[in-house]
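Working notes, structure below.
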Amino acid sequence: MTDPDFITGLPKAELHLHIEGSLEPELMFALAQRNQVAIPFASVEDVRAAYNFSRLQDFLDLYYAGADVLRTAQDFHDLAAAYFDRAAADGVVHAEIMFDPQTHTARGIAFETVITGLLSAIAEAEAKHGMTVLLIMSFLRHLDEADAFATLEAAEPWLERIAAVGLDSSELGHPPEKFARVFAAARAKGLKLVAHAGEEGPPDYVLQALDLIGVDRLDHGNRSLEDPLLVTRLARMCMTLTVCPLSNLKLCVVGDMAEHPIDQMLRAGLRATINSDDPAYFGGYVGDNYRAVAAARGLDRGDLVALARNSFLGSFLPDAAVAEHL
Ligand code: ADE
Ligand code: ZN
């Protein structure tokens, strides 16, 4: 048994969080009303009842529909501010948050609207909670390479404020190799690189993320465990995996939390971290993820400290700042 207060009190970084996935049903309703947007739900309970997924795509369909209520910079500010308040209460002292510009630009919302709202919430959270925050701009992999290049171009005026680019959305059928050139262009601009791989996709997608993209960090990576040589390679290179236990359960990446491989990952020497992915959709923020997997897998305080330590080692903070957190 682990003590919940120990988990809350453990300073931690969150490295895998989609800000659009932190849109709680209550805020979805409030923004729908504020912006006069129709949503296909009668109540907050109705929304929560719809959150039953058997695969990633089931979730993505609702996630993109939900994001339609986000229209103004104030909306993006309010969304992010709510996440930072919850994260701070969970002991998060550093967050690297993803945003999906294409989810919004495809609806006619300007890139500038999205990023100015997020940046104002970041400035507020840094002052209010003393936390540090980095932004990761994620490309939607179900769209084509040209769309990703256009997004990188739209980000040009804001590149000083963006730490990394990522790759998310429907994994199967959209391997990392599809975006090798746009990631190379992002690297040339000095950005760090992350990609979702091995969530639903096979170990080969993880290999592509390493060999064709050269990721600095791997989002999820669960299916790497099917390839022992790949596990050895990931461990030797100290590759950080941003593991998301409640997401894995809700999206049926694992059948039961009791089968979650987090301790297998740690035993294999992988630099695994715990994150919330899309907390409003998957039933919990980062502390809930630590608690759920700790209880189901019997993690002790040493394991929890190792996971929190990994979150700083795997962050994109400068070395001196990482050292201050260890
Ligand atoms: N977009 C938001 N959450 C995601 C996830 N878990 N996998 C892929 N794309 C996502
Ligand atoms: Zn994710």
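Ligands are numbered from 1 in the order shown, chains are lettered A, B, ... in the order of the structure tokens, and residues start at 1 in each chain.
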
Which residues form the shell of 9 Å around ligand 2 when you count only C-alpha atoms and all ligand atoms, given as a ChimeraX atom specification? /A:16-18,21,98,167-169,195-196,199,219-220,242,244,247,276-278

Need the shell around A:Met131: protein/DNA/RNA residues with any atom at most 12 Å away, counting only C-alpha atoms. Skip same-chain ones fewer than 5 positions apart. Format as an NGL selection string? :A and (11-14 or 84-85 or 87-96 or 121-126 or 325)

Can you tell me how far atom 3 (N, counted along the ligand's line) of ligand 1 sits from atom CA of A:Glu200, in Å to one decimal?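 Between these atoms lies a distance of 12.0 Å.
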
What's the 9 Å shell around A:Thr105, counting only C-alpha atoms, without same-chain residues fewer than 5 positions away, as a VMD selection string? chain A and resid 110 to 111 114 151

So that I can check the surroundings of A:Glu160, please list as a ChimeraX atom specification every protein, DNA and RNA residue that reaches within 12 Å of it, counting only C-alpha atoms and ignoring chain neighbours fewer than 3 positions away. /A:119,134-136,155-157,163-164,189-191

I need the residues in stretch 251-305 of chain A that are helix (DSSP H, G or I) according to DSSP; give them as a PyMOL selection string. chain A and resi 257-259+262-267+279-282+286-297+301-305

Dump of N, CA and C atoms for the selected residues, as a PDB file, in the first residue's frame:
ATOM      1  N   MET A 257      -5.657  -2.839 -14.789  1.00  0.00           N
ATOM      2  CA  MET A 257      -4.501  -2.139 -14.207  1.00  0.00           C
ATOM      3  C   MET A 257      -3.551  -3.144 -13.531  1.00  0.00           C
ATOM      4  N   ALA A 258      -4.104  -4.256 -13.067  1.00  0.00           N
ATOM      5  CA  ALA A 258      -3.261  -5.279 -12.426  1.00  0.00           C
ATOM      6  C   ALA A 258      -2.259  -5.875 -13.414  1.00  0.00           C
ATOM      7  N   GLU A 259      -2.509  -5.668 -14.716  1.00  0.00           N
ATOM      8  CA  GLU A 259      -1.580  -6.193 -15.741  1.00  0.00           C
ATOM      9  C   GLU A 259      -0.663  -5.093 -16.282  1.00  0.00           C
ATOM     10  N   ILE A 262       4.259  -1.302 -15.754  1.00  0.00           N
ATOM     11  CA  ILE A 262       5.173  -0.254 -15.282  1.00  0.00           C
ATOM     12  C   ILE A 262       6.369  -0.815 -14.514  1.00  0.00           C
ATOM     13  N   ASP A 263       6.120  -1.809 -13.651  1.00  0.00           N
ATOM     14  CA  ASP A 263       7.241  -2.349 -12.869  1.00  0.00           C
ATOM     15  C   ASP A 263       8.152  -3.213 -13.747  1.00  0.00           C
ATOM     16  N   GLN A 264       7.559  -3.872 -14.749  1.00  0.00           N
ATOM     17  CA  GLN A 264       8.385  -4.617 -15.721  1.00  0.00           C
ATOM     18  C   GLN A 264       9.327  -3.646 -16.447  1.00  0.00           C
ATOM     19  N   MET A 265       8.800  -2.463 -16.788  1.00  0.00           N
ATOM     20  CA  MET A 265       9.632  -1.446 -17.465  1.00  0.00           C
ATOM     21  C   MET A 265      10.795  -1.017 -16.566  1.00  0.00           C
ATOM     22  N   LEU A 266      10.476  -0.740 -15.303  1.00  0.00           N
ATOM     23  CA  LEU A 266      11.532  -0.294 -14.374  1.00  0.00           C
ATOM     24  C   LEU A 266      12.583  -1.388 -14.189  1.00  0.00           C
ATOM     25  N   ARG A 267      12.106  -2.624 -14.046  1.00  0.00           N
ATOM     26  CA  ARG A 267      13.051  -3.750 -13.858  1.00  0.00           C
ATOM     27  C   ARG A 267      13.944  -3.942 -15.068  1.00  0.00           C
ATOM     28  N   PRO A 279      -6.395  13.780 -19.068  1.00  0.00           N
ATOM     29  CA  PRO A 279      -6.989  13.452 -17.764  1.00  0.00           C
ATOM     30  C   PRO A 279      -8.506  13.608 -17.686  1.00  0.00           C
ATOM     31  N   ALA A 280      -9.060  14.566 -18.433  1.00  0.00           N
ATOM     32  CA  ALA A 280     -10.521  14.761 -18.347  1.00  0.00           C
ATOM     33  C   ALA A 280     -11.278  13.587 -18.973  1.00  0.00           C
ATOM     34  N   TYR A 281     -10.622  12.877 -19.866  1.00  0.00           N
ATOM     35  CA  TYR A 281     -11.274  11.771 -20.573  1.00  0.00           C
ATOM     36  C   TYR A 281     -10.964  10.405 -19.951  1.00  0.00           C
ATOM     37  N   PHE A 282      -9.849  10.331 -19.209  1.00  0.00           N
ATOM     38  CA  PHE A 282      -9.403   9.014 -18.745  1.00  0.00           C
ATOM     39  C   PHE A 282      -9.577   8.812 -17.241  1.00  0.00           C
ATOM     40  N   VAL A 286      -2.336  13.439 -12.824  1.00  0.00           N
ATOM     41  CA  VAL A 286      -1.107  12.653 -12.670  1.00  0.00           C
ATOM     42  C   VAL A 286      -1.045  11.910 -11.329  1.00  0.00           C
ATOM     43  N   GLY A 287      -1.513  12.557 -10.265  1.00  0.00           N
ATOM     44  CA  GLY A 287      -1.502  11.889  -8.952  1.00  0.00           C
ATOM     45  C   GLY A 287      -2.386  10.643  -8.973  1.00  0.00           C
ATOM     46  N   ASP A 288      -3.533  10.740  -9.626  1.00  0.00           N
ATOM     47  CA  ASP A 288      -4.424   9.577  -9.747  1.00  0.00           C
ATOM     48  C   ASP A 288      -3.735   8.441 -10.509  1.00  0.00           C
ATOM     49  N   ASN A 289      -2.939   8.813 -11.508  1.00  0.00           N
ATOM     50  CA  ASN A 289      -2.207   7.793 -12.277  1.00  0.00           C
ATOM     51  C   ASN A 289      -1.168   7.088 -11.408  1.00  0.00           C
ATOM     52  N   TYR A 290      -0.422   7.866 -10.634  1.00  0.00           N
ATOM     53  CA  TYR A 290       0.548   7.246  -9.711  1.00  0.00           C
ATOM     54  C   TYR A 290      -0.184   6.314  -8.743  1.00  0.00           C
ATOM     55  N   ARG A 291      -1.289   6.828  -8.148  1.00  0.00           N
ATOM     56  CA  ARG A 291      -2.003   6.038  -7.133  1.00  0.00           C
ATOM     57  C   ARG A 291      -2.566   4.756  -7.722  1.00  0.00           C
ATOM     58  N   ALA A 292      -3.186   4.864  -8.923  1.00  0.00           N
ATOM     59  CA  ALA A 292      -3.839   3.691  -9.519  1.00  0.00           C
ATOM     60  C   ALA A 292      -2.820   2.600  -9.822  1.00  0.00           C
ATOM     61  N   VAL A 293      -1.708   2.977 -10.429  1.00  0.00           N
ATOM     62  CA  VAL A 293      -0.752   1.948 -10.839  1.00  0.00           C
ATOM     63  C   VAL A 293       0.041   1.443  -9.625  1.00  0.00           C
ATOM     64  N   ALA A 294       0.267   2.319  -8.650  1.00  0.00           N
ATOM     65  CA  ALA A 294       0.979   1.892  -7.435  1.00  0.00           C
ATOM     66  C   ALA A 294       0.157   0.850  -6.682  1.00  0.00           C
ATOM     67  N   ALA A 295      -1.155   1.116  -6.566  1.00  0.00           N
ATOM     68  CA  ALA A 295      -2.010   0.170  -5.842  1.00  0.00           C
ATOM     69  C   ALA A 295      -2.113  -1.147  -6.606  1.00  0.00           C
ATOM     70  N   ALA A 296      -2.288  -1.070  -7.919  1.00  0.00           N
ATOM     71  CA  ALA A 296      -2.500  -2.290  -8.706  1.00  0.00           C
ATOM     72  C   ALA A 296      -1.238  -3.130  -8.828  1.00  0.00           C
ATOM     73  N   ARG A 297      -0.073  -2.476  -8.818  1.00  0.00           N
ATOM     74  CA  ARG A 297       1.181  -3.213  -9.038  1.00  0.00           C
ATOM     75  C   ARG A 297       2.057  -3.285  -7.790  1.00  0.00           C
ATOM     76  N   ARG A 301       7.679   2.953  -2.037  1.00  0.00           N
ATOM     77  CA  ARG A 301       8.134   4.359  -2.095  1.00  0.00           C
ATOM     78  C   ARG A 301       9.380   4.523  -2.957  1.00  0.00           C
ATOM     79  N   GLY A 302      10.227   3.519  -2.938  1.00  0.00           N
ATOM     80  CA  GLY A 302      11.437   3.577  -3.771  1.00  0.00           C
ATOM     81  C   GLY A 302      11.084   3.648  -5.252  1.00  0.00           C
ATOM     82  N   ASP A 303      10.074   2.864  -5.662  1.00  0.00           N
ATOM     83  CA  ASP A 303       9.639   2.890  -7.066  1.00  0.00           C
ATOM     84  C   ASP A 303       9.062   4.267  -7.418  1.00  0.00           C
ATOM     85  N   LEU A 304       8.265   4.804  -6.487  1.00  0.00           N
ATOM     86  CA  LEU A 304       7.619   6.097  -6.761  1.00  0.00           C
ATOM     87  C   LEU A 304       8.653   7.213  -6.874  1.00  0.00           C
ATOM     88  N   VAL A 305       9.645   7.163  -6.009  1.00  0.00           N
ATOM     89  CA  VAL A 305      10.717   8.164  -6.073  1.00  0.00           C
ATOM     90  C   VAL A 305      11.470   8.012  -7.391  1.00  0.00           C
TER      91      VAL A 305
END

Which residues are near stretch 46-60 of chain A? Cut-off 10 Å, only C-alpha atoms, ignore same chain within fewer than 3 positions. Put them as a PDB file with N, CA and C atoms, in the first residue's frame.
ATOM      1  N   GLY A  21      -6.949  17.595 -23.913  1.00  0.00           N
ATOM      2  CA  GLY A  21      -7.467  16.435 -23.193  1.00  0.00           C
ATOM      3  C   GLY A  21      -7.694  16.709 -21.715  1.00  0.00           C
ATOM      4  N   GLU A  24     -12.438  19.470 -19.028  1.00  0.00           N
ATOM      5  CA  GLU A  24     -13.451  18.788 -18.213  1.00  0.00           C
ATOM      6  C   GLU A  24     -14.850  19.104 -18.761  1.00  0.00           C
ATOM      7  N   PRO A  25     -15.795  18.165 -18.620  1.00  0.00           N
ATOM      8  CA  PRO A  25     -17.155  18.390 -19.138  1.00  0.00           C
ATOM      9  C   PRO A  25     -17.795  19.699 -18.641  1.00  0.00           C
ATOM     10  N   GLU A  26     -17.492  20.071 -17.378  1.00  0.00           N
ATOM     11  CA  GLU A  26     -18.086  21.315 -16.843  1.00  0.00           C
ATOM     12  C   GLU A  26     -17.597  22.518 -17.657  1.00  0.00           C
ATOM     13  N   MET A  28     -16.400  22.348 -20.699  1.00  0.00           N
ATOM     14  CA  MET A  28     -16.940  22.173 -22.059  1.00  0.00           C
ATOM     15  C   MET A  28     -18.332  22.821 -22.158  1.00  0.00           C
ATOM     16  N   PHE A  29     -19.160  22.579 -21.144  1.00  0.00           N
ATOM     17  CA  PHE A  29     -20.496  23.177 -21.154  1.00  0.00           C
ATOM     18  C   PHE A  29     -20.435  24.691 -21.021  1.00  0.00           C
ATOM     19  N   ILE A  39     -23.422  21.450 -28.605  1.00  0.00           N
ATOM     20  CA  ILE A  39     -22.690  20.190 -28.375  1.00  0.00           C
ATOM     21  C   ILE A  39     -23.715  19.055 -28.245  1.00  0.00           C
ATOM     22  N   PRO A  40     -23.324  17.860 -28.669  1.00  0.00           N
ATOM     23  CA  PRO A  40     -24.300  16.760 -28.740  1.00  0.00           C
ATOM     24  C   PRO A  40     -24.532  16.062 -27.400  1.00  0.00           C
ATOM     25  N   PHE A  41     -24.561  16.835 -26.313  1.00  0.00           N
ATOM     26  CA  PHE A  41     -24.786  16.260 -24.989  1.00  0.00           C
ATOM     27  C   PHE A  41     -25.780  17.132 -24.233  1.00  0.00           C
ATOM     28  N   ALA A  42     -26.635  16.467 -23.418  1.00  0.00           N
ATOM     29  CA  ALA A  42     -27.638  17.223 -22.664  1.00  0.00           C
ATOM     30  C   ALA A  42     -27.104  17.672 -21.316  1.00  0.00           C
ATOM     31  N   SER A  43     -26.129  16.953 -20.771  1.00  0.00           N
ATOM     32  CA  SER A  43     -25.641  17.282 -19.432  1.00  0.00           C
ATOM     33  C   SER A  43     -24.200  16.807 -19.271  1.00  0.00           C
ATOM     34  N   TYR A  63     -12.684  13.523 -28.502  1.00  0.00           N
ATOM     35  CA  TYR A  63     -11.686  14.560 -28.154  1.00  0.00           C
ATOM     36  C   TYR A  63     -11.732  15.706 -29.172  1.00  0.00           C
ATOM     37  N   TYR A  64     -11.791  15.367 -30.465  1.00  0.00           N
ATOM     38  CA  TYR A  64     -11.841  16.424 -31.485  1.00  0.00           C
ATOM     39  C   TYR A  64     -13.199  17.137 -31.440  1.00  0.00           C
ATOM     40  N   ALA A  65     -14.270  16.398 -31.174  1.00  0.00           N
ATOM     41  CA  ALA A  65     -15.601  17.022 -31.077  1.00  0.00           C
ATOM     42  C   ALA A  65     -15.632  17.984 -29.889  1.00  0.00           C
ATOM     43  N   GLY A  66     -15.080  17.557 -28.761  1.00  0.00           N
ATOM     44  CA  GLY A  66     -15.071  18.389 -27.555  1.00  0.00           C
ATOM     45  C   GLY A  66     -14.300  19.683 -27.768  1.00  0.00           C
ATOM     46  N   SER A 169      -2.395  11.597 -32.384  1.00  0.00           N
ATOM     47  CA  SER A 169      -3.596  11.166 -33.125  1.00  0.00           C
ATOM     48  C   SER A 169      -3.481   9.695 -33.553  1.00  0.00           C
ATOM     49  N   SER A 170      -4.252   9.307 -34.565  1.00  0.00           N
ATOM     50  CA  SER A 170      -4.444   7.884 -34.912  1.00  0.00           C
ATOM     51  C   SER A 170      -3.124   7.223 -35.322  1.00  0.00           C
ATOM     52  N   GLU A 171      -2.655   6.304 -34.511  1.00  0.00           N
ATOM     53  CA  GLU A 171      -1.308   5.756 -34.761  1.00  0.00           C
ATOM     54  C   GLU A 171      -1.288   4.717 -35.884  1.00  0.00           C
ATOM     55  N   LEU A 172      -2.226   3.774 -35.824  1.00  0.00           N
ATOM     56  CA  LEU A 172      -2.191   2.677 -36.808  1.00  0.00           C
ATOM     57  C   LEU A 172      -2.387   3.211 -38.219  1.00  0.00           C
ATOM     58  N   GLU A 199       1.880   2.805 -28.773  1.00  0.00           N
ATOM     59  CA  GLU A 199       0.678   2.848 -27.931  1.00  0.00           C
ATOM     60  C   GLU A 199      -0.258   1.765 -28.481  1.00  0.00           C
ATOM     61  N   GLU A 200      -0.710   1.926 -29.729  1.00  0.00           N
ATOM     62  CA  GLU A 200      -1.425   0.853 -30.432  1.00  0.00           C
ATOM     63  C   GLU A 200      -0.547   0.256 -31.519  1.00  0.00           C
ATOM     64  N   SER A 247      -4.792   6.137 -19.089  1.00  0.00           N
ATOM     65  CA  SER A 247      -5.028   6.158 -20.534  1.00  0.00           C
ATOM     66  C   SER A 247      -4.927   4.739 -21.079  1.00  0.00           C
ATOM     67  N   ASN A 248      -3.889   4.009 -20.675  1.00  0.00           N
ATOM     68  CA  ASN A 248      -3.694   2.634 -21.152  1.00  0.00           C
ATOM     69  C   ASN A 248      -4.899   1.761 -20.805  1.00  0.00           C
ATOM     70  N   LEU A 249      -5.446   1.992 -19.613  1.00  0.00           N
ATOM     71  CA  LEU A 249      -6.616   1.197 -19.203  1.00  0.00           C
ATOM     72  C   LEU A 249      -7.841   1.593 -20.019  1.00  0.00           C
ATOM     73  N   LYS A 250      -8.111   2.905 -20.119  1.00  0.00           N
ATOM     74  CA  LYS A 250      -9.320   3.388 -20.806  1.00  0.00           C
ATOM     75  C   LYS A 250      -9.303   3.061 -22.294  1.00  0.00           C
ATOM     76  N   LEU A 251      -8.096   3.034 -22.890  1.00  0.00           N
ATOM     77  CA  LEU A 251      -8.006   2.767 -24.339  1.00  0.00           C
ATOM     78  C   LEU A 251      -7.678   1.302 -24.622  1.00  0.00           C
ATOM     79  N   CYS A 252      -7.765   0.483 -23.573  1.00  0.00           N
ATOM     80  CA  CYS A 252      -7.601  -0.976 -23.720  1.00  0.00           C
ATOM     81  C   CYS A 252      -6.213  -1.381 -24.227  1.00  0.00           C
ATOM     82  N   VAL A 253      -5.217  -0.540 -23.929  1.00  0.00           N
ATOM     83  CA  VAL A 253      -3.822  -0.929 -24.193  1.00  0.00           C
ATOM     84  C   VAL A 253      -3.426  -2.009 -23.170  1.00  0.00           C
ATOM     85  N   ASP A 278      -4.670  12.470 -21.195  1.00  0.00           N
ATOM     86  CA  ASP A 278      -5.899  13.274 -21.400  1.00  0.00           C
ATOM     87  C   ASP A 278      -6.766  13.113 -20.158  1.00  0.00           C
ATOM     88  N   ALA A 280      -9.060  14.566 -18.433  1.00  0.00           N
ATOM     89  CA  ALA A 280     -10.521  14.761 -18.347  1.00  0.00           C
ATOM     90  C   ALA A 280     -11.278  13.587 -18.973  1.00  0.00           C
ATOM     91  N   TYR A 281     -10.622  12.877 -19.866  1.00  0.00           N
ATOM     92  CA  TYR A 281     -11.274  11.771 -20.573  1.00  0.00           C
ATOM     93  C   TYR A 281     -10.964  10.405 -19.951  1.00  0.00           C
ATOM     94  N   PHE A 282      -9.849  10.331 -19.209  1.00  0.00           N
ATOM     95  CA  PHE A 282      -9.403   9.014 -18.745  1.00  0.00           C
ATOM     96  C   PHE A 282      -9.577   8.812 -17.241  1.00  0.00           C
ATOM     97  N   GLY A 283     -10.174   9.802 -16.569  1.00  0.00           N
ATOM     98  CA  GLY A 283     -10.548   9.578 -15.178  1.00  0.00           C
ATOM     99  C   GLY A 283      -9.496   9.936 -14.157  1.00  0.00           C
TER     100      GLY A 283
END
